[in-house]
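The file data14.cif contains mmCIF, N, CA and C atoms:
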data_upload
#
loop_
_atom_site.label_atom_id
_atom_site.label_comp_id
_atom_site.auth_asym_id
_atom_site.auth_seq_id
_atom_site.Cartn_x
_atom_site.Cartn_y
_atom_site.Cartn_z
N MET A 1393 10.86 0.23 21.34
CA MET A 1393 10.09 -0.85 20.72
C MET A 1393 8.86 -0.30 20.02
N GLY A 1394 8.22 0.74 20.56
CA GLY A 1394 7.04 1.32 19.94
C GLY A 1394 7.33 1.87 18.57
N ASP A 1395 8.49 2.52 18.39
CA ASP A 1395 8.86 3.07 17.09
C ASP A 1395 9.06 1.98 16.05
N VAL A 1396 9.62 0.85 16.48
CA VAL A 1396 9.83 -0.26 15.56
C VAL A 1396 8.48 -0.80 15.09
N MET A 1397 7.52 -0.89 16.02
CA MET A 1397 6.19 -1.39 15.69
C MET A 1397 5.50 -0.44 14.71
N ILE A 1398 5.60 0.86 14.96
CA ILE A 1398 5.01 1.84 14.07
C ILE A 1398 5.66 1.77 12.70
N SER A 1399 6.97 1.65 12.66
CA SER A 1399 7.67 1.57 11.38
C SER A 1399 7.25 0.34 10.60
N GLU A 1400 7.09 -0.78 11.28
CA GLU A 1400 6.66 -2.00 10.61
C GLU A 1400 5.25 -1.84 10.05
N LYS A 1401 4.38 -1.20 10.80
CA LYS A 1401 3.01 -0.98 10.33
C LYS A 1401 3.01 -0.01 9.16
N ALA A 1402 3.86 1.03 9.21
CA ALA A 1402 3.96 1.97 8.09
C ALA A 1402 4.46 1.25 6.85
N ARG A 1403 5.40 0.31 7.03
CA ARG A 1403 5.91 -0.46 5.90
C ARG A 1403 4.82 -1.34 5.30
N LEU A 1404 4.03 -1.97 6.16
CA LEU A 1404 2.96 -2.84 5.67
C LEU A 1404 1.89 -2.05 4.94
N VAL A 1405 1.49 -0.90 5.48
CA VAL A 1405 0.49 -0.06 4.81
C VAL A 1405 1.07 0.47 3.50
N GLY A 1406 2.32 0.92 3.53
CA GLY A 1406 2.97 1.41 2.31
C GLY A 1406 3.04 0.34 1.24
N ASN A 1407 3.36 -0.87 1.65
CA ASN A 1407 3.42 -1.97 0.69
C ASN A 1407 2.04 -2.26 0.12
N ARG A 1408 1.02 -2.17 0.96
CA ARG A 1408 -0.36 -2.38 0.49
C ARG A 1408 -0.73 -1.32 -0.55
N ILE A 1409 -0.35 -0.06 -0.29
CA ILE A 1409 -0.60 1.03 -1.23
C ILE A 1409 0.09 0.74 -2.56
N LYS A 1410 1.33 0.30 -2.49
CA LYS A 1410 2.08 -0.02 -3.71
C LYS A 1410 1.39 -1.14 -4.48
N MET A 1411 0.97 -2.19 -3.78
CA MET A 1411 0.32 -3.32 -4.46
C MET A 1411 -0.99 -2.89 -5.11
N MET A 1412 -1.73 -2.02 -4.44
CA MET A 1412 -2.99 -1.54 -5.00
C MET A 1412 -2.72 -0.67 -6.23
N ARG A 1413 -1.67 0.14 -6.15
CA ARG A 1413 -1.31 0.99 -7.30
C ARG A 1413 -0.91 0.12 -8.50
N LEU A 1414 -0.10 -0.90 -8.24
CA LEU A 1414 0.33 -1.79 -9.32
C LEU A 1414 -0.85 -2.57 -9.91
N ALA A 1415 -1.77 -2.98 -9.05
CA ALA A 1415 -2.95 -3.71 -9.53
C ALA A 1415 -3.81 -2.84 -10.45
N LYS A 1416 -3.80 -1.53 -10.21
CA LYS A 1416 -4.54 -0.59 -11.06
C LYS A 1416 -3.70 -0.11 -12.24
N VAL A 1417 -2.47 -0.61 -12.34
CA VAL A 1417 -1.53 -0.26 -13.40
C VAL A 1417 -1.34 1.26 -13.48
N LEU A 1418 -1.06 1.85 -12.34
CA LEU A 1418 -0.83 3.28 -12.25
C LEU A 1418 0.64 3.54 -11.94
N ARG A 1419 1.20 4.55 -12.57
CA ARG A 1419 2.59 4.93 -12.28
C ARG A 1419 2.65 5.67 -10.97
N GLN A 1420 3.77 5.48 -10.29
CA GLN A 1420 3.98 6.15 -9.01
C GLN A 1420 3.88 7.67 -9.16
N LYS A 1421 4.43 8.22 -10.21
CA LYS A 1421 4.40 9.66 -10.45
C LYS A 1421 2.96 10.15 -10.62
N HIS A 1422 2.15 9.38 -11.32
CA HIS A 1422 0.76 9.75 -11.55
C HIS A 1422 -0.01 9.83 -10.22
N VAL A 1423 0.17 8.83 -9.37
CA VAL A 1423 -0.52 8.83 -8.07
C VAL A 1423 0.01 9.96 -7.20
N ALA A 1424 1.32 10.18 -7.23
CA ALA A 1424 1.91 11.28 -6.46
C ALA A 1424 1.32 12.62 -6.90
N ASP A 1425 1.15 12.81 -8.20
CA ASP A 1425 0.56 14.05 -8.71
C ASP A 1425 -0.87 14.22 -8.20
N MET A 1426 -1.63 13.14 -8.16
CA MET A 1426 -3.01 13.22 -7.67
C MET A 1426 -3.05 13.53 -6.18
N LEU A 1427 -2.03 13.11 -5.45
CA LEU A 1427 -1.95 13.40 -4.02
C LEU A 1427 -1.30 14.76 -3.75
N LYS A 1428 -0.79 15.39 -4.83
CA LYS A 1428 -0.09 16.67 -4.72
C LYS A 1428 1.15 16.57 -3.85
N ILE A 1429 1.90 15.46 -4.06
CA ILE A 1429 3.18 15.25 -3.38
C ILE A 1429 4.21 14.88 -4.43
N SER A 1430 5.47 14.89 -4.04
CA SER A 1430 6.53 14.52 -4.98
C SER A 1430 6.57 13.00 -5.15
N GLN A 1431 7.19 12.58 -6.26
CA GLN A 1431 7.33 11.15 -6.49
C GLN A 1431 8.22 10.53 -5.41
N SER A 1432 9.24 11.27 -4.95
CA SER A 1432 10.12 10.73 -3.90
C SER A 1432 9.35 10.55 -2.59
N ASN A 1433 8.41 11.45 -2.30
CA ASN A 1433 7.58 11.29 -1.11
C ASN A 1433 6.69 10.06 -1.27
N MET A 1434 6.15 9.85 -2.46
CA MET A 1434 5.32 8.67 -2.72
C MET A 1434 6.15 7.40 -2.54
N SER A 1435 7.37 7.42 -3.03
CA SER A 1435 8.27 6.29 -2.86
C SER A 1435 8.53 6.01 -1.38
N ASN A 1436 8.73 7.07 -0.60
CA ASN A 1436 8.95 6.92 0.83
C ASN A 1436 7.74 6.34 1.54
N ILE A 1437 6.55 6.73 1.12
CA ILE A 1437 5.32 6.17 1.70
C ILE A 1437 5.23 4.68 1.37
N GLU A 1438 5.45 4.34 0.11
CA GLU A 1438 5.31 2.94 -0.31
C GLU A 1438 6.35 2.03 0.34
N SER A 1439 7.51 2.57 0.67
CA SER A 1439 8.56 1.77 1.30
C SER A 1439 8.45 1.77 2.81
N GLY A 1440 7.58 2.62 3.36
CA GLY A 1440 7.42 2.70 4.80
C GLY A 1440 8.42 3.61 5.49
N ARG A 1441 9.22 4.33 4.69
CA ARG A 1441 10.19 5.27 5.29
C ARG A 1441 9.49 6.47 5.90
N CYS A 1442 8.26 6.75 5.44
CA CYS A 1442 7.45 7.78 6.09
C CYS A 1442 5.99 7.32 6.04
N GLY A 1443 5.22 7.81 6.97
CA GLY A 1443 3.82 7.41 7.05
C GLY A 1443 2.96 8.17 6.07
N VAL A 1444 1.78 7.66 5.86
CA VAL A 1444 0.82 8.29 4.98
C VAL A 1444 -0.19 9.05 5.84
N THR A 1445 -0.63 10.20 5.39
CA THR A 1445 -1.61 10.98 6.15
C THR A 1445 -3.01 10.43 5.91
N ILE A 1446 -3.90 10.74 6.81
CA ILE A 1446 -5.29 10.31 6.66
C ILE A 1446 -5.91 10.96 5.43
N GLU A 1447 -5.54 12.20 5.14
CA GLU A 1447 -6.07 12.87 3.95
C GLU A 1447 -5.64 12.14 2.69
N HIS A 1448 -4.38 11.69 2.68
CA HIS A 1448 -3.90 10.94 1.52
C HIS A 1448 -4.60 9.59 1.40
N LEU A 1449 -4.88 8.97 2.54
CA LEU A 1449 -5.60 7.70 2.50
C LEU A 1449 -7.00 7.87 1.91
N PHE A 1450 -7.68 8.97 2.26
CA PHE A 1450 -9.00 9.23 1.68
C PHE A 1450 -8.90 9.41 0.16
N THR A 1451 -7.87 10.12 -0.30
CA THR A 1451 -7.68 10.31 -1.74
C THR A 1451 -7.33 8.98 -2.41
N LEU A 1452 -6.46 8.20 -1.78
CA LEU A 1452 -6.08 6.90 -2.34
C LEU A 1452 -7.28 5.97 -2.40
N GLN A 1453 -8.15 6.06 -1.42
CA GLN A 1453 -9.38 5.26 -1.42
C GLN A 1453 -10.21 5.56 -2.67
N GLU A 1454 -10.30 6.82 -3.02
CA GLU A 1454 -11.03 7.20 -4.24
C GLU A 1454 -10.30 6.74 -5.49
N ILE A 1455 -8.98 6.93 -5.53
CA ILE A 1455 -8.19 6.54 -6.70
C ILE A 1455 -8.30 5.05 -6.96
N PHE A 1456 -8.18 4.25 -5.89
CA PHE A 1456 -8.18 2.79 -6.04
C PHE A 1456 -9.57 2.19 -5.98
N ALA A 1457 -10.59 3.01 -5.70
CA ALA A 1457 -11.98 2.54 -5.58
C ALA A 1457 -12.05 1.36 -4.61
N CYS A 1458 -11.55 1.60 -3.41
CA CYS A 1458 -11.50 0.56 -2.39
C CYS A 1458 -12.10 1.07 -1.09
N CYS A 1459 -12.17 0.20 -0.12
CA CYS A 1459 -12.60 0.58 1.23
C CYS A 1459 -11.39 1.01 2.04
N MET A 1460 -11.59 1.88 2.99
CA MET A 1460 -10.49 2.32 3.85
C MET A 1460 -9.84 1.13 4.55
N SER A 1461 -10.64 0.17 4.94
CA SER A 1461 -10.10 -0.99 5.66
C SER A 1461 -9.15 -1.82 4.80
N ASP A 1462 -9.23 -1.69 3.47
CA ASP A 1462 -8.34 -2.44 2.59
C ASP A 1462 -6.87 -2.08 2.82
N PHE A 1463 -6.61 -0.89 3.33
CA PHE A 1463 -5.23 -0.49 3.60
C PHE A 1463 -4.68 -1.17 4.85
N PHE A 1464 -5.57 -1.71 5.68
CA PHE A 1464 -5.17 -2.24 6.99
C PHE A 1464 -5.49 -3.71 7.20
N VAL A 1465 -5.96 -4.40 6.18
CA VAL A 1465 -6.32 -5.81 6.30
C VAL A 1465 -5.09 -6.60 6.75
N ASP A 1466 -5.28 -7.41 7.77
CA ASP A 1466 -4.22 -8.29 8.28
C ASP A 1466 -2.99 -7.53 8.78
N ILE A 1467 -3.13 -6.28 9.15
CA ILE A 1467 -1.98 -5.47 9.57
C ILE A 1467 -1.36 -6.01 10.86
N GLU A 1468 -2.13 -6.67 11.69
CA GLU A 1468 -1.62 -7.19 12.96
C GLU A 1468 -0.91 -8.53 12.79
N LYS A 1469 -1.12 -9.19 11.68
CA LYS A 1469 -0.48 -10.48 11.48
C LYS A 1469 1.00 -10.31 11.19
N SER A 1470 1.74 -11.32 11.45
CA SER A 1470 3.18 -11.30 11.20
C SER A 1470 3.45 -11.19 9.72
N ALA A 1471 4.51 -10.49 9.38
CA ALA A 1471 4.90 -10.36 7.98
C ALA A 1471 5.58 -11.62 7.49
N ASP A 1472 5.81 -12.57 8.38
CA ASP A 1472 6.48 -13.82 8.04
C ASP A 1472 5.52 -14.70 7.24
N LYS A 1473 5.79 -14.87 5.97
CA LYS A 1473 4.90 -15.65 5.10
C LYS A 1473 5.02 -17.14 5.34
N SER A 1474 6.11 -17.58 5.98
CA SER A 1474 6.28 -19.01 6.19
C SER A 1474 5.21 -19.58 7.10
N SER A 1475 4.66 -18.77 7.99
CA SER A 1475 3.60 -19.25 8.87
C SER A 1475 2.22 -19.05 8.27
N ASN A 1476 2.17 -18.44 7.12
CA ASN A 1476 0.90 -18.16 6.45
C ASN A 1476 0.47 -19.37 5.64
N LYS A 1477 -0.79 -19.76 5.74
CA LYS A 1477 -1.25 -20.95 5.04
C LYS A 1477 -2.04 -20.63 3.78
N GLY A 1478 -2.05 -19.40 3.35
CA GLY A 1478 -2.79 -19.04 2.16
C GLY A 1478 -2.16 -17.84 1.49
N TYR A 1479 -2.92 -17.22 0.62
CA TYR A 1479 -2.45 -16.03 -0.07
C TYR A 1479 -2.72 -14.79 0.77
N THR A 1480 -1.74 -13.90 0.80
CA THR A 1480 -1.95 -12.62 1.45
C THR A 1480 -2.59 -11.68 0.44
N VAL A 1481 -3.08 -10.56 0.92
CA VAL A 1481 -3.64 -9.56 0.01
C VAL A 1481 -2.56 -9.10 -0.97
N GLU A 1482 -1.32 -8.95 -0.46
CA GLU A 1482 -0.22 -8.54 -1.33
C GLU A 1482 0.01 -9.56 -2.44
N ASP A 1483 -0.05 -10.86 -2.09
CA ASP A 1483 0.11 -11.91 -3.09
C ASP A 1483 -0.95 -11.78 -4.18
N LEU A 1484 -2.18 -11.54 -3.77
CA LEU A 1484 -3.27 -11.43 -4.74
C LEU A 1484 -3.09 -10.21 -5.65
N PHE A 1485 -2.64 -9.07 -5.06
CA PHE A 1485 -2.39 -7.89 -5.88
C PHE A 1485 -1.28 -8.15 -6.89
N LYS A 1486 -0.23 -8.86 -6.47
CA LYS A 1486 0.87 -9.19 -7.38
C LYS A 1486 0.38 -10.07 -8.53
N ILE A 1487 -0.47 -11.03 -8.21
CA ILE A 1487 -1.00 -11.94 -9.22
C ILE A 1487 -1.84 -11.16 -10.23
N VAL A 1488 -2.71 -10.28 -9.73
CA VAL A 1488 -3.55 -9.47 -10.61
C VAL A 1488 -2.70 -8.56 -11.48
N ALA A 1489 -1.68 -7.94 -10.88
CA ALA A 1489 -0.80 -7.05 -11.65
C ALA A 1489 -0.08 -7.81 -12.76
N LYS A 1490 0.37 -9.03 -12.47
CA LYS A 1490 1.05 -9.84 -13.49
C LYS A 1490 0.09 -10.25 -14.60
N LEU A 1491 -1.14 -10.56 -14.23
CA LEU A 1491 -2.14 -10.93 -15.24
C LEU A 1491 -2.47 -9.75 -16.16
N LYS A 1492 -2.49 -8.55 -15.58
CA LYS A 1492 -2.79 -7.36 -16.38
C LYS A 1492 -1.61 -6.93 -17.24
N GLY A 1493 -0.40 -7.24 -16.75
CA GLY A 1493 0.78 -6.65 -17.36
C GLY A 1493 1.46 -7.38 -18.41
#
Just dump the structure as structure tokens.
Amino acid sequence: MGDVMISEKARLVGNRIKMMRLAKVLRQKHVADMLKISQSNMSNIESGRCGVTIEHLFTLQEIFACCMSDFFVDIEKSADKSSNKGYTVEDLFKIVAKLKG
């Protein structure tokens, strides 16, 4: 059960990273290059198939000009949007990305 919980949290953080990248209109390859990792590794991070290192989070914080806590906002809440009564951070990032794009 612990591994499932960790995987779910990795997926949520990865999704948050993806939403922040899209909101900044940055290509996955570009961010991967700045992190000095492959694009496939970046894809795995964003999908939650692998975790992100603390060093990468510090670099992403600089790239996205955000606070470290932004990667973990509402991480303990259920991913089930049906019980959510407002916009999630992911929803807001999607809206901003659509407005920019």
Starting from the displayed file, determine the output of the PyMOL selection byres (((chain A and resi 1429-1443 and name CA) around 8) and name CA) and express the residue list as a JSON list (two decimals) with N, CA and C atoms, keeping the file's coordinate frame.
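Output saved as result-v5.json:
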[["chain", "number", "residue", "atom", "x", "y", "z"],
["A", 1399, "SER", "N", 6.97, 1.65, 12.66],
["A", 1399, "SER", "CA", 7.67, 1.57, 11.38],
["A", 1399, "SER", "C", 7.25, 0.34, 10.60],
["A", 1400, "GLU", "N", 7.09, -0.78, 11.28],
["A", 1400, "GLU", "CA", 6.66, -2.00, 10.61],
["A", 1400, "GLU", "C", 5.25, -1.84, 10.05],
["A", 1401, "LYS", "N", 4.38, -1.20, 10.80],
["A", 1401, "LYS", "CA", 3.01, -0.98, 10.33],
["A", 1401, "LYS", "C", 3.01, -0.01, 9.16],
["A", 1402, "ALA", "N", 3.86, 1.03, 9.21],
["A", 1402, "ALA", "CA", 3.96, 1.97, 8.09],
["A", 1402, "ALA", "C", 4.46, 1.25, 6.85],
["A", 1403, "ARG", "N", 5.40, 0.31, 7.03],
["A", 1403, "ARG", "CA", 5.91, -0.46, 5.90],
["A", 1403, "ARG", "C", 4.82, -1.34, 5.30],
["A", 1404, "LEU", "N", 4.03, -1.97, 6.16],
["A", 1404, "LEU", "CA", 2.96, -2.84, 5.67],
["A", 1404, "LEU", "C", 1.89, -2.05, 4.94],
["A", 1405, "VAL", "N", 1.49, -0.90, 5.48],
["A", 1405, "VAL", "CA", 0.49, -0.06, 4.81],
["A", 1405, "VAL", "C", 1.07, 0.47, 3.50],
["A", 1406, "GLY", "N", 2.32, 0.92, 3.53],
["A", 1406, "GLY", "CA", 2.97, 1.41, 2.31],
["A", 1406, "GLY", "C", 3.04, 0.34, 1.24],
["A", 1407, "ASN", "N", 3.36, -0.87, 1.65],
["A", 1407, "ASN", "CA", 3.42, -1.97, 0.69],
["A", 1407, "ASN", "C", 2.04, -2.26, 0.12],
["A", 1408, "ARG", "N", 1.02, -2.17, 0.96],
["A", 1408, "ARG", "CA", -0.36, -2.38, 0.49],
["A", 1408, "ARG", "C", -0.73, -1.32, -0.55],
["A", 1409, "ILE", "N", -0.35, -0.06, -0.29],
["A", 1409, "ILE", "CA", -0.60, 1.03, -1.23],
["A", 1409, "ILE", "C", 0.09, 0.74, -2.56],
["A", 1410, "LYS", "N", 1.33, 0.30, -2.49],
["A", 1410, "LYS", "CA", 2.08, -0.02, -3.71],
["A", 1410, "LYS", "C", 1.39, -1.14, -4.48],
["A", 1420, "GLN", "N", 3.77, 5.48, -10.29],
["A", 1420, "GLN", "CA", 3.98, 6.15, -9.01],
["A", 1420, "GLN", "C", 3.88, 7.67, -9.16],
["A", 1421, "LYS", "N", 4.43, 8.22, -10.21],
["A", 1421, "LYS", "CA", 4.40, 9.66, -10.45],
["A", 1421, "LYS", "C", 2.96, 10.15, -10.62],
["A", 1423, "VAL", "N", 0.17, 8.83, -9.37],
["A", 1423, "VAL", "CA", -0.52, 8.83, -8.07],
["A", 1423, "VAL", "C", 0.01, 9.96, -7.20],
["A", 1424, "ALA", "N", 1.32, 10.18, -7.23],
["A", 1424, "ALA", "CA", 1.91, 11.28, -6.46],
["A", 1424, "ALA", "C", 1.32, 12.62, -6.90],
["A", 1425, "ASP", "N", 1.15, 12.81, -8.20],
["A", 1425, "ASP", "CA", 0.56, 14.05, -8.71],
["A", 1425, "ASP", "C", -0.87, 14.22, -8.20],
["A", 1426, "MET", "N", -1.63, 13.14, -8.16],
["A", 1426, "MET", "CA", -3.01, 13.22, -7.67],
["A", 1426, "MET", "C", -3.05, 13.53, -6.18],
["A", 1427, "LEU", "N", -2.03, 13.11, -5.45],
["A", 1427, "LEU", "CA", -1.95, 13.40, -4.02],
["A", 1427, "LEU", "C", -1.30, 14.76, -3.75],
["A", 1428, "LYS", "N", -0.79, 15.39, -4.83],
["A", 1428, "LYS", "CA", -0.09, 16.67, -4.72],
["A", 1428, "LYS", "C", 1.15, 16.57, -3.85],
["A", 1444, "VAL", "N", 1.78, 7.66, 5.86],
["A", 1444, "VAL", "CA", 0.82, 8.29, 4.98],
["A", 1444, "VAL", "C", -0.19, 9.05, 5.84],
["A", 1445, "THR", "N", -0.63, 10.20, 5.39],
["A", 1445, "THR", "CA", -1.61, 10.98, 6.15],
["A", 1445, "THR", "C", -3.01, 10.43, 5.91]]
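For the atom pair formed by atom C of A:Leu1452 and atom N of A:Val1481, the distance is 17.4 Å, given to one decimal.
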Check the DSSP output for the backbone and give back, as a ChimeraX atom specification, the residues of chain A in helix (DSSP H, G or I). /A:1394-1415,1420-1427,1431-1439,1446-1456,1460-1463,1473-1475,1481-1492
Taking (-3.9, -10.3, 4.6) as a centre in this file's frame and 6 Å as the limit, can you find every polymer residue with an atom that close, using only C-alpha atoms, and give them as JSON, numbers by chain? {"A": [1465, 1466, 1480, 1481]}
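Separating atom CA of A:Ile1487 from atom C of A:Met1412 is a distance of 11.8 Å.
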